[in-house]
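Colleague: So that you have it, the file is query.cif, and it contains mmCIF, C-alpha atoms:
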data_my_file
loop_
_atom_site.label_atom_id
_atom_site.label_comp_id
_atom_site.auth_asym_id
_atom_site.auth_seq_id
_atom_site.Cartn_x
_atom_site.Cartn_y
_atom_site.Cartn_z
CA MET A 26 67.38 102.71 203.52
CA ARG A 27 64.21 100.74 203.05
CA LEU A 28 63.91 97.13 201.92
CA PRO A 29 60.89 95.63 200.15
CA CYS A 30 59.99 92.53 202.17
CA PRO A 31 57.85 90.31 199.90
CA ILE A 32 55.55 89.58 202.86
CA CYS A 33 55.44 92.86 204.80
CA GLY A 34 56.04 95.44 202.08
CA GLU A 35 58.57 98.24 202.28
CA ARG A 36 60.18 98.37 205.72
CA ASP A 37 62.92 100.24 207.50
CA ARG A 38 66.43 98.80 207.38
CA ARG A 39 66.47 98.62 211.22
CA GLU A 40 64.10 95.64 211.06
CA PHE A 41 66.58 93.60 209.00
CA TYR A 42 69.79 91.73 209.71
CA TYR A 43 72.44 91.54 207.00
CA GLN A 44 73.93 88.17 206.18
CA GLY A 45 76.16 88.89 203.18
CA ASP A 46 76.31 87.78 199.58
CA ALA A 47 73.44 85.57 198.42
CA VAL A 48 76.06 83.18 197.01
CA ALA A 49 75.67 81.45 200.39
CA LEU A 50 72.48 79.87 198.99
CA ASP A 51 74.35 78.16 196.15
CA ARG A 52 75.99 75.39 198.12
CA PRO A 53 78.30 73.24 196.00
CA ALA A 54 77.96 69.46 195.85
CA ARG A 55 79.89 67.50 198.47
CA ASP A 56 82.34 66.27 195.86
CA ALA A 57 82.66 69.57 193.98
CA GLY A 58 86.32 69.85 194.91
CA GLY A 59 88.47 72.24 196.90
CA ALA A 60 88.33 75.16 194.50
CA ALA A 61 84.52 75.27 194.42
CA TRP A 62 84.31 75.05 198.20
CA ASP A 63 87.01 77.68 198.64
CA ASP A 64 84.99 80.01 196.41
CA TYR A 65 81.77 79.24 198.28
CA LEU A 66 83.21 79.79 201.72
CA HIS A 67 85.73 82.57 201.28
CA ASN A 68 85.72 84.37 197.93
CA ARG A 69 83.28 87.16 197.24
CA ASP A 70 82.96 89.54 194.30
CA ASN A 71 82.98 93.23 195.03
CA PRO A 72 80.90 94.49 192.12
CA ALA A 73 80.38 98.11 191.15
CA GLY A 74 76.79 97.56 190.10
CA GLU A 75 74.13 94.99 190.80
CA THR A 76 74.64 92.74 193.81
CA ARG A 77 72.47 90.13 195.51
CA ASP A 78 72.46 90.13 199.30
CA LEU A 79 70.85 87.97 201.94
CA TRP A 80 68.83 89.77 204.58
CA HIS A 81 66.83 88.38 207.47
CA HIS A 82 63.64 90.23 208.43
CA ALA A 83 64.60 89.61 212.03
CA ALA A 84 62.40 92.20 213.70
CA GLY A 85 59.54 91.54 211.30
CA CYS A 86 58.01 88.44 209.77
CA GLY A 87 61.16 86.32 210.11
CA ALA A 88 61.63 85.72 206.37
CA TRP A 89 65.00 85.33 204.69
CA ILE A 90 65.07 87.42 201.53
CA VAL A 91 67.43 88.00 198.63
CA VAL A 92 67.65 91.72 197.92
CA THR A 93 68.94 92.98 194.57
CA ARG A 94 70.76 96.25 195.02
CA ASP A 95 73.03 98.51 192.98
CA THR A 96 76.23 99.41 194.82
CA VAL A 97 76.81 102.45 192.59
CA THR A 98 73.40 104.13 192.79
CA HIS A 99 72.27 102.47 196.06
CA ALA A 100 68.97 101.70 194.33
CA VAL A 101 67.17 98.62 195.64
CA SER A 102 65.55 96.96 192.65
CA GLY A 103 63.76 94.03 194.23
CA ALA A 104 63.56 91.26 196.80
CA LYS A 105 62.26 87.72 196.88
CA LEU A 106 61.80 85.06 199.50
CA VAL A 107 64.62 82.58 199.80
CA GLY A 108 62.11 79.73 199.96
CA ALA A 109 60.49 80.84 196.71
CA LYS A 110 63.83 80.65 194.94
CA ARG A 111 64.23 76.94 195.47
CA MET B 7 52.13 76.59 251.76
CA ALA B 8 52.54 79.93 250.03
CA ARG B 9 49.45 81.35 248.45
CA LEU B 10 50.31 82.23 244.85
CA ILE B 11 48.67 85.26 243.31
CA ALA B 12 48.61 85.65 239.52
CA THR B 13 49.53 89.13 238.29
CA THR B 14 49.23 90.50 234.79
CA PRO B 15 52.46 91.49 232.98
CA CYS B 16 51.83 95.23 233.44
CA ALA B 17 50.47 95.02 237.01
CA GLY B 18 51.51 98.16 238.88
CA LEU B 19 52.65 99.86 235.65
CA LEU B 20 49.38 100.69 233.94
CA PRO B 21 47.05 102.48 233.33
CA LEU B 22 48.63 105.77 232.29
CA ALA B 23 46.92 108.94 231.14
CA ILE B 24 49.27 111.50 229.60
CA GLY B 25 48.02 114.40 227.53
CA SER B 26 45.39 113.11 225.13
CA VAL B 27 46.70 109.54 225.32
CA THR B 28 45.77 106.68 227.60
CA VAL B 29 47.74 103.47 227.89
CA THR B 30 45.92 100.48 229.37
CA GLU B 31 46.65 96.82 229.71
CA VAL B 32 44.61 94.34 227.69
CA ASP B 33 43.58 91.04 229.22
CA ALA B 34 43.13 89.04 226.05
CA GLY B 35 42.10 85.83 227.75
CA PRO B 36 43.72 82.65 226.42
CA VAL B 37 46.47 83.36 223.86
CA THR B 38 47.59 80.56 221.55
CA LEU B 39 50.25 80.61 218.86
CA ILE B 40 49.18 78.67 215.77
CA ALA B 41 51.64 77.70 213.03
CA PRO B 42 50.07 75.50 210.31
CA TYR B 43 52.34 72.83 208.86
CA ASP B 44 53.41 73.13 205.22
CA GLY B 45 50.38 73.22 202.96
CA ALA B 46 47.91 73.00 205.84
CA GLN B 47 46.96 76.65 206.16
CA LYS B 48 43.61 76.22 204.43
CA ALA B 49 42.67 73.18 206.51
CA THR B 50 43.73 74.98 209.70
CA SER B 51 41.76 78.04 208.72
CA ASP B 52 38.64 75.96 208.05
CA ALA B 53 38.97 74.13 211.38
CA LEU B 54 39.42 77.42 213.24
CA LYS B 55 36.46 79.00 211.49
CA ALA B 56 34.24 76.06 212.41
CA ALA B 57 35.34 76.06 216.06
CA VAL B 58 35.76 79.74 217.01
CA GLY B 59 34.38 81.68 214.05
CA VAL B 60 37.63 83.22 212.79
CA GLY B 61 39.88 81.75 210.11
CA PHE B 62 43.64 82.03 209.68
CA PRO B 63 44.57 85.62 208.75
CA ALA B 64 46.49 86.82 205.71
CA PRO B 65 49.95 88.32 206.36
CA ASN B 66 49.80 91.66 208.21
CA ARG B 67 46.07 91.29 208.90
CA THR B 68 43.80 90.37 211.79
CA LEU B 69 40.37 88.76 211.94
CA GLY B 70 37.61 88.92 214.53
CA GLN B 71 36.35 91.42 217.07
CA THR B 72 38.73 93.85 218.71
CA GLN B 73 36.64 94.69 221.78
CA GLY B 74 36.29 92.50 224.84
CA LYS B 75 37.25 88.87 225.16
CA ARG B 76 35.76 87.70 221.90
CA PRO B 77 37.74 85.45 219.54
CA ARG B 78 40.21 87.20 217.33
CA ILE B 79 43.32 86.16 215.54
CA VAL B 80 46.38 88.28 214.79
CA TRP B 81 49.00 87.38 212.18
CA CYS B 82 52.40 87.45 213.88
CA GLY B 83 55.06 86.27 211.45
CA MET B 84 55.62 84.02 208.46
CA GLY B 85 53.06 81.20 208.74
CA GLN B 86 52.10 82.14 212.30
CA ALA B 87 49.20 83.78 214.07
CA VAL B 88 48.01 84.17 217.65
CA LEU B 89 44.46 83.32 218.61
CA MET B 90 43.13 85.41 221.49
CA GLY B 91 39.97 85.41 223.53
CA ALA B 92 39.05 81.79 222.84
CA ASP B 93 40.32 78.36 223.75
CA CYS B 94 42.16 76.86 220.82
CA PRO B 95 40.43 73.84 219.26
CA ASP B 96 42.34 70.68 218.34
CA LEU B 97 44.35 71.47 215.22
CA PRO B 98 46.14 68.30 214.13
CA GLN B 99 47.64 70.04 211.08
CA ALA B 100 49.30 72.87 212.97
CA ALA B 101 51.87 73.45 215.69
CA VAL B 102 50.01 74.98 218.63
CA VAL B 103 51.56 76.58 221.71
CA ASP B 104 49.77 78.10 224.68
CA GLN B 105 51.27 81.57 225.20
CA SER B 106 48.64 82.99 227.54
CA ASP B 107 51.22 84.25 230.04
CA ALA B 108 53.87 85.12 227.47
CA TRP B 109 52.68 88.46 226.12
CA ALA B 110 52.30 91.92 227.59
CA ILE B 111 49.49 93.50 225.59
CA VAL B 112 48.83 97.22 225.91
CA ARG B 113 46.34 99.48 224.22
CA ILE B 114 47.25 103.05 223.27
CA ASP B 115 44.24 105.22 222.76
CA GLY B 116 43.66 108.90 222.02
CA ALA B 117 44.08 111.70 219.51
CA ASP B 118 47.89 111.55 219.76
CA ALA B 119 48.19 107.76 219.89
CA ALA B 120 49.70 107.58 216.40
CA ALA B 121 52.08 110.45 217.20
CA VAL B 122 53.30 108.62 220.31
CA LEU B 123 53.83 105.35 218.44
CA ALA B 124 55.49 107.14 215.54
CA ARG B 125 58.27 108.18 217.91
CA LEU B 126 59.02 104.55 218.67
CA THR B 127 58.32 102.43 215.62
CA PRO B 128 59.66 102.64 212.04
CA ILE B 129 56.44 101.47 210.33
CA ASP B 130 54.22 103.79 208.31
CA LEU B 131 51.22 104.53 210.57
CA ARG B 132 49.36 106.83 208.18
CA ASP B 133 45.65 106.11 207.76
CA SER B 134 46.15 105.21 204.11
CA GLN B 135 48.82 102.60 204.92
CA PHE B 136 47.88 101.16 208.32
CA LYS B 137 44.14 100.73 208.66
CA ARG B 138 41.93 99.18 211.30
CA GLY B 139 42.57 95.44 211.27
CA HIS B 140 46.10 95.83 209.94
CA THR B 141 48.96 94.44 212.00
CA ALA B 142 52.73 94.43 211.72
CA ARG B 143 55.67 92.69 213.29
CA THR B 144 58.11 95.50 213.85
CA LEU B 145 60.15 97.37 216.44
CA VAL B 146 59.11 99.62 219.30
CA ALA B 147 62.31 101.27 220.44
CA HIS B 148 64.66 98.23 220.50
CA MET B 149 62.02 95.57 221.14
CA THR B 150 60.48 93.26 218.58
CA VAL B 151 56.73 93.62 218.93
CA SER B 152 53.44 93.18 217.17
CA VAL B 153 51.56 96.43 216.47
CA THR B 154 47.88 96.27 215.54
CA ARG B 155 45.46 99.03 214.70
CA VAL B 156 42.18 98.31 216.48
CA GLY B 157 40.40 101.63 215.99
CA ALA B 158 40.60 105.08 214.46
CA GLN B 159 42.75 106.34 217.37
CA THR B 160 43.55 103.04 219.01
CA TYR B 161 46.55 100.76 218.66
CA GLU B 162 47.61 97.60 220.43
CA VAL B 163 51.21 96.62 221.08
CA MET B 164 52.21 93.09 222.09
CA ALA B 165 55.67 92.56 223.53
CA MET B 166 57.28 89.69 225.38
CA ARG B 167 56.15 89.65 228.99
CA SER B 168 59.69 90.12 230.26
CA MET B 169 59.77 93.43 228.35
CA ALA B 170 56.61 94.85 229.95
CA GLY B 171 58.50 97.37 232.09
CA THR B 172 60.61 98.58 229.17
CA LEU B 173 57.57 98.83 226.91
CA VAL B 174 55.63 100.93 229.43
CA HIS B 175 58.70 103.10 230.10
CA ASP B 176 59.22 103.79 226.38
CA LEU B 177 55.52 104.54 225.81
CA GLU B 178 55.36 106.80 228.86
CA GLN B 179 58.43 108.76 227.77
CA ALA B 180 57.15 109.17 224.22
CA ALA B 181 53.70 110.22 225.45
CA LYS B 182 55.25 112.79 227.79
CA ASN B 183 57.35 114.20 224.96
CA VAL B 184 54.34 114.46 222.64
CA ALA B 185 52.28 116.12 225.40
CA ALA B 186 55.12 118.55 226.21
CA ARG B 187 55.40 119.56 222.59
CA ALA B 188 51.61 120.03 222.35
CA ALA B 189 51.72 122.27 225.42
CA LEU B 190 54.23 124.55 223.65
CA ALA B 191 52.10 124.98 220.55
#
As structure tokens, what does this structure read like?
Modeller:
Amino acid sequence: MRLPCPICGERDRREFYYQGDAVALDRPARDAGGAAWDDYLHNRDNPAGETRDLWHHAAGCGAWIVVTRDTVTHAVSGAKLVGAKR
Amino acid sequence: MARLIATTPCAGLLPLAIGSVTVTEVDAGPVTLIAPYDGAQKATSDALKAAVGVGFPAPNRTLGQTQGKRPRIVWCGMGQAVLMGADCPDLPQAAVVDQSDAWAIVRIDGADAAAVLARLTPIDLRDSQFKRGHTARTLVAHMTVSVTRVGAQTYEVMAMRSMAGTLVHDLEQAAKNVAARAALA
């Protein structure tokens, strides 16, 4: 598996650390209520299809990236820097 | 009082000559990590260029001479580069850390240099992808390193000083394996 780091280009999966669903970036407001925080902390979709994951280019440039990947075909369709998203 | 003697990170480990490959230690002179603050990369680059003649490099690139102790600068991560072979000027718009004793820097040279490195690192070392002046933060075996191509058959690997022994061991083993395979051909 190879991941397209926006800074370094296509790199081997060994250089990356997996951090889970990119929903972690969408932090609810402090007063969003228990249900929203429960979703944010604990509940994850398990899609058959496109998913967005957080990866850290730990053994490379150090960037956090959001990788778009298809869980059915295993195709990686893109990646962007977490900083660029905000 | 004890007389302290400075040793280089690979003292007693290098040089090695195995098959067509030589591995030697590089004394890069002063080594300084430079990380420009947000939005200050251009200003830092201009200040560096004025003081030592090399600017701040683009990602995965190096600038400056690769031979001897002349100023050069190697990109080494998001928003970071190391300046080697020159004292770092005052850079008020960047975080600057002296890392002169922090890195073990080795040079791998020879016809099979790429073959030896290819056994250890996952990056694409082909001529079309990794040219002279290109650099990468990547892995060598299990170590995070910086790999730079400094010549047609010459590569430089920078690892943390504490990893010098492991780095030399891994390179030696890979070079021996490549040489053994060549002897069979």
Colleague: When the PyMOL selection byres ((chain B) within 12 of (chain A)) is applied to the structure above, which residues does it catch, written out as a PyMOL selection string?
Modeller: chain B and resi 64-67+81-87+127-131+135-136+140-153+165
Colleague: Using Å and a single decimal, report how far atom CA of A:Trp80 sits from atom CA of A:Pro53.
Modeller: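 The value is 20.9 Å.
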Colleague: Which protein, DNA or RNA residues have an atom at most 7 Å from (71.7, 91.4, 199.7), counting only C-alpha atoms? List them as a list in words.
Modeller: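 The residues that fall inside the cut-off are Gly45, Asp46, Ala47, Thr76, Arg77, Asp78, Leu79, Trp80, Val91, Val92, Thr93 and Arg94 of chain A.
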Colleague: May I ask which of the residues B:Leu177, B:Leu123, B:Ala191, B:Ala17 is the closest one to B:Arg155, counting only C-alpha atoms?
Modeller: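 Comparing B:Leu177, B:Leu123, B:Ala191, B:Ala17 against B:Arg155, the winner is B:Leu123.
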Colleague: Using all atoms listed in the file for the distances, tell me which of B:Thr50, B:Gln99, B:Gln71, B:Thr14 is nearest to B:Gly171.
Modeller: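 Among the listed residues, B:Thr14 lies closest to B:Gly171.
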Colleague: Just to confirm, what's the straight-line distance from atom CA of A:Asp63 to atom CA of A:Val97 in Å (one decimal)?
Modeller: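 Pair atom CA of A:Asp63 / atom CA of A:Val97 returns 27.5 Å.
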Colleague: How many Å separate atom CA of B:Thr13 from atom CA of B:Gln73?
Modeller: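 That distance, rounded to one decimal, is 21.7 Å.
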Colleague: Can you turn the PyMOL selection byres ((chain B and resi 166) around 12) into a concrete residue list for this file, as a ChimeraX atom specification?
Modeller: /B:15-16,105-112,146,149-152,163-165,167-173
Colleague: Set the distance at 12 Å and use all atoms listed in the file: which residues neighbour B:Ala158 once local chain neighbours fewer than 6 positions away are removed? I'd like the list as a list in words.
Modeller: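 Listing them by chain and then by number gives Ile114, Asp115, Gly116, Ala117, Asp118, Ala119, Ala120, Leu131, Arg132, Asp133, Ser134, Phe136, Lys137, Arg138, Gly139 and His140 of chain B.
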Colleague: Emit the selected residues as a PDB file, in the coordinates of the input, including C-alpha atoms.
Modeller:
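Listed below is the output, result04.pdb:
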ATOM      1  CA  ILE B 114      47.250 103.050 223.270  1.00  0.00           C
ATOM      2  CA  ASP B 115      44.240 105.220 222.760  1.00  0.00           C
ATOM      3  CA  GLY B 116      43.660 108.900 222.020  1.00  0.00           C
ATOM      4  CA  ALA B 117      44.080 111.700 219.510  1.00  0.00           C
ATOM      5  CA  ASP B 118      47.890 111.550 219.760  1.00  0.00           C
ATOM      6  CA  ALA B 119      48.190 107.760 219.890  1.00  0.00           C
ATOM      7  CA  ALA B 120      49.700 107.580 216.400  1.00  0.00           C
ATOM      8  CA  LEU B 131      51.220 104.530 210.570  1.00  0.00           C
ATOM      9  CA  ARG B 132      49.360 106.830 208.180  1.00  0.00           C
ATOM     10  CA  ASP B 133      45.650 106.110 207.760  1.00  0.00           C
ATOM     11  CA  SER B 134      46.150 105.210 204.110  1.00  0.00           C
ATOM     12  CA  PHE B 136      47.880 101.160 208.320  1.00  0.00           C
ATOM     13  CA  LYS B 137      44.140 100.730 208.660  1.00  0.00           C
ATOM     14  CA  ARG B 138      41.930  99.180 211.300  1.00  0.00           C
ATOM     15  CA  GLY B 139      42.570  95.440 211.270  1.00  0.00           C
ATOM     16  CA  HIS B 140      46.100  95.830 209.940  1.00  0.00           C
TER      17      HIS B 140
END
Colleague: Using the chain letters and numbers from the file, give me the residues hit by the PyMOL selection byres ((chain B and resi 70) around 10), as a PyMOL selection string.
Modeller: chain B and resi 58-61+63+68-69+71-73+76-80+89-91+139
Colleague: Kindly provide, as lines of an AutoDock Vina configuration file, the centre and edge lengths (Å, one decimal) of an axis-aligned box around all atoms of stretch 36-45 of chain B given in the file, with 8 Å on each side.
Modeller:
center_x = 48.6
center_y = 78.1
center_z = 214.7
size_x = 25.7
size_y = 26.5
size_z = 39.5
Colleague: Between B:Ala57, B:Pro98, B:Lys75, B:Ala189, which has the minimum distance to B:Asp33 (counting all atoms listed in the file)?
Modeller: B:Lys75
Colleague: Here is a test: counting only C-alpha atoms, which residue of A:His67, A:Cys30, A:Ile90, A:Asp95 is nearest to A:Tyr43?
Modeller: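 So, comparing all the options, the nearest one is A:Ile90.
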